[in-house]
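Trainee: Got a structure for you, data21.cif, holding mmCIF, C-alpha atoms.
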data_entry
loop_
_atom_site.group_PDB
_atom_site.id
_atom_site.type_symbol
_atom_site.label_atom_id
_atom_site.label_comp_id
_atom_site.auth_asym_id
_atom_site.auth_seq_id
_atom_site.Cartn_x
_atom_site.Cartn_y
_atom_site.Cartn_z
ATOM 1 C CA MET A 1 176.034 157.108 44.087
ATOM 2 C CA LYS A 2 176.908 153.504 44.965
ATOM 3 C CA ALA A 3 174.048 153.416 47.469
ATOM 4 C CA PHE A 4 171.643 154.456 44.705
ATOM 5 C CA ILE A 5 172.982 151.725 42.411
ATOM 6 C CA ALA A 6 172.586 149.117 45.152
ATOM 7 C CA LEU A 7 169.032 150.273 45.862
ATOM 8 C CA GLU A 8 168.097 150.055 42.171
ATOM 9 C CA PHE A 9 169.406 146.486 42.036
ATOM 10 C CA GLU A 10 167.404 145.636 45.159
ATOM 11 C CA LYS A 11 164.199 147.024 43.634
ATOM 12 C CA LEU A 12 164.821 145.201 40.355
ATOM 13 C CA LEU A 13 165.425 141.879 42.097
ATOM 14 C CA ALA A 14 162.413 142.304 44.386
ATOM 15 C CA ASN A 15 160.188 143.051 41.390
ATOM 16 C CA PHE A 16 161.393 139.995 39.475
ATOM 17 C CA LYS A 17 161.031 137.758 42.528
ATOM 18 C CA THR A 18 157.415 138.893 42.861
ATOM 19 C CA MET A 19 156.836 138.202 39.173
ATOM 20 C CA ALA A 20 158.489 134.773 39.373
ATOM 21 C CA ALA A 21 156.298 133.789 42.341
ATOM 22 C CA ASP A 22 153.059 134.688 40.534
ATOM 23 C CA PRO A 23 151.571 131.562 38.896
ATOM 24 C CA GLY A 24 149.107 133.742 37.005
ATOM 25 C CA LEU A 25 151.964 135.366 35.114
ATOM 26 C CA SER A 26 153.011 132.070 33.546
ATOM 27 C CA ASP A 27 149.383 131.382 32.627
ATOM 28 C CA ASN A 28 149.138 134.812 30.984
ATOM 29 C CA ILE A 29 152.366 134.236 29.047
ATOM 30 C CA VAL A 30 151.031 130.920 27.721
ATOM 31 C CA GLY A 31 147.719 132.578 26.831
ATOM 32 C CA ALA A 32 149.392 135.464 25.012
ATOM 33 C CA VAL A 33 151.661 133.121 23.048
ATOM 34 C CA GLU A 34 148.631 131.042 22.030
ATOM 35 C CA LEU A 35 146.786 134.172 20.792
ATOM 36 C CA CYS A 36 149.757 135.259 18.685
ATOM 37 C CA VAL A 37 150.512 131.798 17.310
ATOM 38 C CA GLU A 38 146.863 131.256 16.370
ATOM 39 C CA SER A 39 146.788 134.577 14.551
ATOM 40 C CA LEU A 40 150.093 134.084 12.729
ATOM 41 C CA ARG A 41 149.226 130.542 11.634
ATOM 42 C CA ALA A 42 145.945 131.843 10.202
ATOM 43 C CA GLY A 43 147.741 134.486 8.138
ATOM 44 C CA GLY A 44 147.254 137.307 10.626
ATOM 45 C CA LYS A 45 149.761 139.677 12.168
ATOM 46 C CA VAL A 46 150.819 141.097 15.498
ATOM 47 C CA MET A 47 150.728 144.888 15.863
ATOM 48 C CA PHE A 48 152.546 146.709 18.655
ATOM 49 C CA ALA A 49 152.208 150.250 20.003
ATOM 50 C CA GLY A 50 153.174 152.392 22.968
ATOM 51 C CA ASN A 51 154.559 155.825 23.803
ATOM 52 C CA GLY A 52 158.122 156.799 24.710
ATOM 53 C CA GLY A 53 159.972 153.814 26.148
ATOM 54 C CA SER A 54 156.958 151.677 25.322
ATOM 55 C CA ALA A 55 157.291 152.744 21.681
ATOM 56 C CA ALA A 56 160.850 151.457 21.803
ATOM 57 C CA ASP A 57 159.545 148.152 23.185
ATOM 58 C CA ALA A 58 156.978 147.989 20.363
ATOM 59 C CA GLN A 59 159.693 148.412 17.760
ATOM 60 C CA HIS A 60 162.048 146.015 19.541
ATOM 61 C CA TRP A 61 159.545 143.159 19.780
ATOM 62 C CA ALA A 62 158.265 143.608 16.224
ATOM 63 C CA GLY A 63 161.888 143.440 15.075
ATOM 64 C CA GLU A 64 162.498 140.233 17.018
ATOM 65 C CA LEU A 65 159.546 138.563 15.272
ATOM 66 C CA VAL A 66 160.174 139.853 11.754
ATOM 67 C CA SER A 67 163.911 139.125 11.881
ATOM 68 C CA ARG A 68 164.811 136.435 14.447
ATOM 69 C CA PHE A 69 165.117 135.896 18.170
ATOM 70 C CA TYR A 70 167.207 132.848 19.134
ATOM 71 C CA TYR A 71 167.767 131.274 15.724
ATOM 72 C CA ASP A 72 167.296 131.597 11.980
ATOM 73 C CA ARG A 73 163.804 130.858 10.654
ATOM 74 C CA PRO A 74 161.282 132.507 8.292
ATOM 75 C CA GLY A 75 160.072 135.958 9.299
ATOM 76 C CA LEU A 76 156.875 136.417 11.293
ATOM 77 C CA ALA A 77 154.263 139.064 10.446
ATOM 78 C CA ALA A 78 154.655 141.839 13.002
ATOM 79 C CA ILE A 79 154.559 145.624 12.799
ATOM 80 C CA ALA A 80 155.189 148.499 15.198
ATOM 81 C CA LEU A 81 152.617 151.257 14.730
ATOM 82 C CA THR A 82 155.122 153.738 16.174
ATOM 83 C CA THR A 83 157.605 154.043 13.317
ATOM 84 C CA ASP A 84 156.203 155.807 10.244
ATOM 85 C CA SER A 85 156.705 159.521 10.836
ATOM 86 C CA SER A 86 154.547 160.536 7.860
ATOM 87 C CA ILE A 87 151.605 158.433 9.057
ATOM 88 C CA LEU A 88 152.006 159.540 12.685
ATOM 89 C CA THR A 89 152.232 163.232 11.835
ATOM 90 C CA ALA A 90 149.410 163.082 9.298
ATOM 91 C CA ILE A 91 147.077 161.447 11.814
ATOM 92 C CA GLY A 92 148.245 163.763 14.589
ATOM 93 C CA ASN A 93 147.667 166.818 12.393
ATOM 94 C CA ASP A 94 144.354 165.720 10.873
ATOM 95 C CA TYR A 95 142.714 163.954 13.819
ATOM 96 C CA GLY A 96 144.828 164.599 16.928
ATOM 97 C CA TYR A 97 147.487 162.628 18.768
ATOM 98 C CA ASP A 98 144.899 160.471 20.539
ATOM 99 C CA TYR A 99 144.141 158.772 17.194
ATOM 100 C CA THR A 100 147.725 157.912 16.142
ATOM 101 C CA PHE A 101 147.300 154.166 16.714
ATOM 102 C CA ALA A 102 143.533 153.792 16.351
ATOM 103 C CA ARG A 103 143.589 155.082 12.783
ATOM 104 C CA GLN A 104 146.330 152.621 11.846
ATOM 105 C CA ILE A 105 144.386 149.723 13.340
ATOM 106 C CA GLU A 106 141.324 150.857 11.381
ATOM 107 C CA ALA A 107 143.433 150.810 8.200
ATOM 108 C CA LEU A 108 145.609 147.743 8.785
ATOM 109 C CA GLY A 109 143.835 145.579 11.346
ATOM 110 C CA GLN A 110 141.927 142.480 10.319
ATOM 111 C CA GLU A 111 139.712 140.223 12.374
ATOM 112 C CA GLY A 112 141.923 137.725 14.165
ATOM 113 C CA ASP A 113 145.000 139.950 14.251
ATOM 114 C CA VAL A 114 146.575 140.713 17.635
ATOM 115 C CA PHE A 115 147.288 144.175 19.036
ATOM 116 C CA VAL A 116 149.888 144.432 21.794
ATOM 117 C CA ALA A 117 149.039 147.591 23.734
ATOM 118 C CA ILE A 118 151.822 148.945 25.965
ATOM 119 C CA SER A 119 151.134 151.638 28.572
ATOM 120 C CA THR A 120 152.877 151.735 31.945
ATOM 121 C CA SER A 121 149.977 153.741 33.418
ATOM 122 C CA GLY A 122 147.202 151.950 31.539
ATOM 123 C CA ARG A 123 145.705 155.369 30.813
ATOM 124 C CA SER A 124 147.384 156.528 27.585
ATOM 125 C CA LYS A 125 144.597 158.068 25.518
ATOM 126 C CA ASN A 126 145.970 156.957 22.167
ATOM 127 C CA ILE A 127 146.275 153.389 23.457
ATOM 128 C CA LEU A 128 142.711 153.441 24.803
ATOM 129 C CA ARG A 129 141.426 154.674 21.435
ATOM 130 C CA ALA A 130 143.405 151.896 19.772
ATOM 131 C CA LEU A 131 141.544 149.443 22.012
ATOM 132 C CA ASP A 132 138.272 150.927 20.730
ATOM 133 C CA ALA A 133 139.423 150.377 17.142
ATOM 134 C CA SER A 134 140.563 146.846 17.964
ATOM 135 C CA GLU A 135 137.152 145.977 19.398
ATOM 136 C CA GLN A 136 135.454 147.310 16.272
ATOM 137 C CA LYS A 137 137.756 145.376 13.930
ATOM 138 C CA GLY A 138 137.750 142.067 15.835
ATOM 139 C CA VAL A 139 141.435 142.436 16.708
ATOM 140 C CA ARG A 140 142.421 140.594 19.895
ATOM 141 C CA VAL A 141 144.336 142.546 22.529
ATOM 142 C CA ILE A 142 147.279 141.768 24.785
ATOM 143 C CA GLY A 143 148.038 144.517 27.293
ATOM 144 C CA PHE A 144 151.231 145.489 29.105
ATOM 145 C CA THR A 145 150.843 147.862 32.042
ATOM 146 C CA GLY A 146 151.721 148.444 35.700
ATOM 147 C CA ALA A 147 150.384 147.140 38.994
ATOM 148 C CA HIS A 148 146.961 148.789 38.806
ATOM 149 C CA GLY A 149 146.296 148.353 35.106
ATOM 150 C CA GLY A 150 144.646 151.736 34.684
ATOM 151 C CA ASP A 151 141.703 151.893 32.300
ATOM 152 C CA MET A 152 142.996 149.240 29.915
ATOM 153 C CA ALA A 153 143.394 146.165 32.129
ATOM 154 C CA GLU A 154 139.796 144.973 31.868
ATOM 155 C CA ARG A 155 139.708 145.592 28.120
ATOM 156 C CA CYS A 156 142.509 143.178 27.213
ATOM 157 C CA GLU A 157 142.087 139.484 26.589
ATOM 158 C CA VAL A 158 145.426 138.992 28.344
ATOM 159 C CA CYS A 159 146.950 141.744 30.479
ATOM 160 C CA PHE A 160 150.416 141.784 32.011
ATOM 161 C CA LYS A 161 150.316 143.992 35.107
ATOM 162 C CA VAL A 162 153.903 144.271 36.311
ATOM 163 C CA PRO A 163 153.723 144.537 40.128
ATOM 164 C CA SER A 164 155.223 148.005 40.522
ATOM 165 C CA ASN A 165 154.182 151.644 40.421
ATOM 166 C CA GLU A 166 157.623 152.841 39.271
ATOM 167 C CA THR A 167 157.899 153.327 35.512
ATOM 168 C CA PRO A 168 161.472 151.914 35.267
ATOM 169 C CA ARG A 169 160.482 148.733 37.144
ATOM 170 C CA ILE A 170 157.364 148.337 34.992
ATOM 171 C CA GLN A 171 159.415 148.744 31.812
ATOM 172 C CA GLU A 172 162.020 146.228 32.991
ATOM 173 C CA GLY A 173 159.249 143.714 33.612
ATOM 174 C CA HIS A 174 157.719 144.432 30.221
ATOM 175 C CA GLU A 175 161.036 143.846 28.494
ATOM 176 C CA PHE A 176 161.492 140.450 30.134
ATOM 177 C CA ILE A 177 157.945 139.309 29.330
ATOM 178 C CA GLY A 178 158.225 140.641 25.778
ATOM 179 C CA HIS A 179 161.381 138.604 25.242
ATOM 180 C CA LEU A 180 159.636 135.497 26.566
ATOM 181 C CA LEU A 181 156.762 136.041 24.140
ATOM 182 C CA CYS A 182 159.126 136.419 21.188
ATOM 183 C CA ALA A 183 161.115 133.316 22.144
ATOM 184 C CA LEU A 184 158.014 131.184 22.666
ATOM 185 C CA ILE A 185 156.202 132.376 19.532
ATOM 186 C CA GLU A 186 159.339 131.584 17.523
ATOM 187 C CA SER A 187 159.721 128.105 19.005
ATOM 188 C CA GLU A 188 156.021 127.251 18.676
ATOM 189 C CA ILE A 189 155.785 128.178 15.010
ATOM 190 C CA PHE A 190 159.268 127.081 13.965
ATOM 191 C CA PRO A 191 160.393 124.447 16.498
ATOM 192 C CA GLN A 192 164.003 123.419 16.425
ATOM 193 C CA HIS A 193 164.353 119.650 16.210
ATOM 194 C CA ALA A 194 167.274 117.898 17.830
ATOM 195 C CA ASN A 195 169.609 116.176 15.345
#
If you convert what's in this file into structure tokens, what do you get?

Mentor:
Amino acid sequence: MKAFIALEFEKLLANFKTMAADPGLSDNIVGAVELCVESLRAGGKVMFAGNGGSAADAQHWAGELVSRFYYDRPGLAAIALTTDSSILTAIGNDYGYDYTFARQIEALGQEGDVFVAISTSGRSKNILRALDASEQKGVRVIGFTGAHGGDMAERCEVCFKVPSNETPRIQEGHEFIGHLLCALIESEIFPQHAN
């Protein structure tokens, strides 16, 4: 058991060292923050969606923006498309599970909004359909996926491809990047001034 724990720590640290050494990652973080800040300042919103653990990330990051991250400030317009059971089951029943997020983007998305699409494989059908809806509505897309990016990588304006093929490592990378986005969006829109 202890050997397994040690190995998991080694894989985590190796993954984060690879991420830290990638100058393109910092560029992507800056680019994603700029997309979100531009949208929020113009009266837009940030929408998040994913499946399973990625749905939890969607809800987590939307909560950090609407409530607070590091400090008190006005709320920021963000919504997780993973939370309304009546909407999700209605769409799933009437149109099929593949449309659970696309239909919500069709209904709620406005040109200039941002959609944060989370799929560790990059092949989730409901996420890919949500990208279709985003393209049709003029919603800009930030992607979170794994090393290969699947089918979504080339369809995102900014795409975070965590350098692993293991779902837990990908999700750990996503969580760290998601926290950076929330912190930087908060500080860009509501900077704290030194007294």

Trainee: To verify the selection step, state as a list in words which residues the PyMOL selection byres ((chain A and resi 157) around 8) yields on this input.

Mentor: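 After applying the PyMOL selection byres ((chain A and resi 157) around 8), what remains is Arg140, Val141, Ile142, Gly143, Glu154, Arg155, Cys156, Val158 and Cys159 of chain A.
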
Trainee: Out of A:Leu40, A:Ala117, A:Ile185, A:Leu76, which residue has the shortest atom-to-atom distance to Ala55 of chain A when counting all atoms listed in the file?

Mentor: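 Once distances to Ala55 of chain A are computed over all atoms listed in the file, the minimum belongs to A:Ala117.
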
Trainee: Compile the contact shell of Met19 of chain A as a ChimeraX atom specification: residues with an atom at most 12 Å away, counting all atoms listed in the file, same-chain residues fewer than 2 positions apart removed.

Mentor: /A:12-17,21-26,28-29,146-147,160-164,169-170,172-174,176-177

Trainee: Might you pull out every residue within 8 Å of Thr120 of chain A, with all atoms listed in the file counted and same-chain residues fewer than 4 positions away left off, and present them as a PyMOL selection string?

Mentor: chain A and resi 54+144-146+167+170-171

Trainee: Pick the closest to Thr100 of chain A from A:Asn51, A:Gln136, A:Ser67, A:Thr18: which is it, counting all atoms listed in the file?

Mentor: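 Residue with the minimum atom-to-atom distance to Thr100 of chain A: A:Asn51.
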
Trainee: Counting only C-alpha atoms, which residue out of A:Arg68, A:Arg123, A:Lys137, A:His179 sits closest to Gln104 of chain A?

Mentor: A:Lys137

Trainee: Quick one: pull the distance between atom CA of Ser134 of chain A and atom CA of Gln59 of chain A, Å, one decimal.

Mentor: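 Here the two named atoms are 19.2 Å from each other.
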
Trainee: Provide the atom CA of Arg129 of chain A to atom CA of Ala102 of chain A distance in Å, to one decimal place.

Mentor: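 Taking atom CA of Arg129 of chain A and atom CA of Ala102 of chain A, their separation equals 5.6 Å.
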
Trainee: Provide the atom CA of Leu180 of chain A to atom CA of Ala78 of chain A distance in Å, to one decimal place.

Mentor: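 About the pair atom CA of Leu180 of chain A and atom CA of Ala78 of chain A: they are 15.8 Å apart.
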
Trainee: Could you check which of A:Pro191, A:Tyr99, A:Glu10, A:Leu181 is closest to Gly31 of chain A, using all atoms listed in the file?

Mentor: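 Using all atoms listed in the file, the shortest distance to Gly31 of chain A belongs to A:Leu181.
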
Trainee: For a quick check of understanding, using only C-alpha atoms, which of A:Pro168, A:Gly150, A:Gly63, A:Gly96 has the smallest distance to Ala77 of chain A?

Mentor: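 Of all the options, A:Gly63 lies closest to Ala77 of chain A.
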
Trainee: Around all of segment 158-165 of chain A's listed atoms, make the axis-aligned box with 8 Å on each side and tell me centre and edge lengths in Å to one decimal, as JSON.

Mentor:
{"center_x": 150.3, "center_y": 145.3, "center_z": 34.4, "size_x": 25.8, "size_y": 28.7, "size_z": 28.2}

Trainee: Restricting the calculation to all atoms listed in the file, which member of A:Val37, A:Ala56, A:Ile79, A:Ala42 is positioned closest to Glu175 of chain A?

Mentor: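 For Glu175 of chain A, the nearest of the given residues is A:Ala56.
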
Trainee: Residues at most 12 Å from Ile87 of chain A, counting all atoms listed in the file, excluding those fewer than 3 positions away in the same chain, as a PyMOL selection string?

Mentor: chain A and resi 81-84+90-95+97+99-104+107

Trainee: Take the PyMOL selection byres ((chain A and resi 41) around 12), run it mentally on this structure, and tell me the resulting residues as a PyMOL selection string.

Mentor: chain A and resi 33-40+42-46+76-77+112-113+185-186+188-190
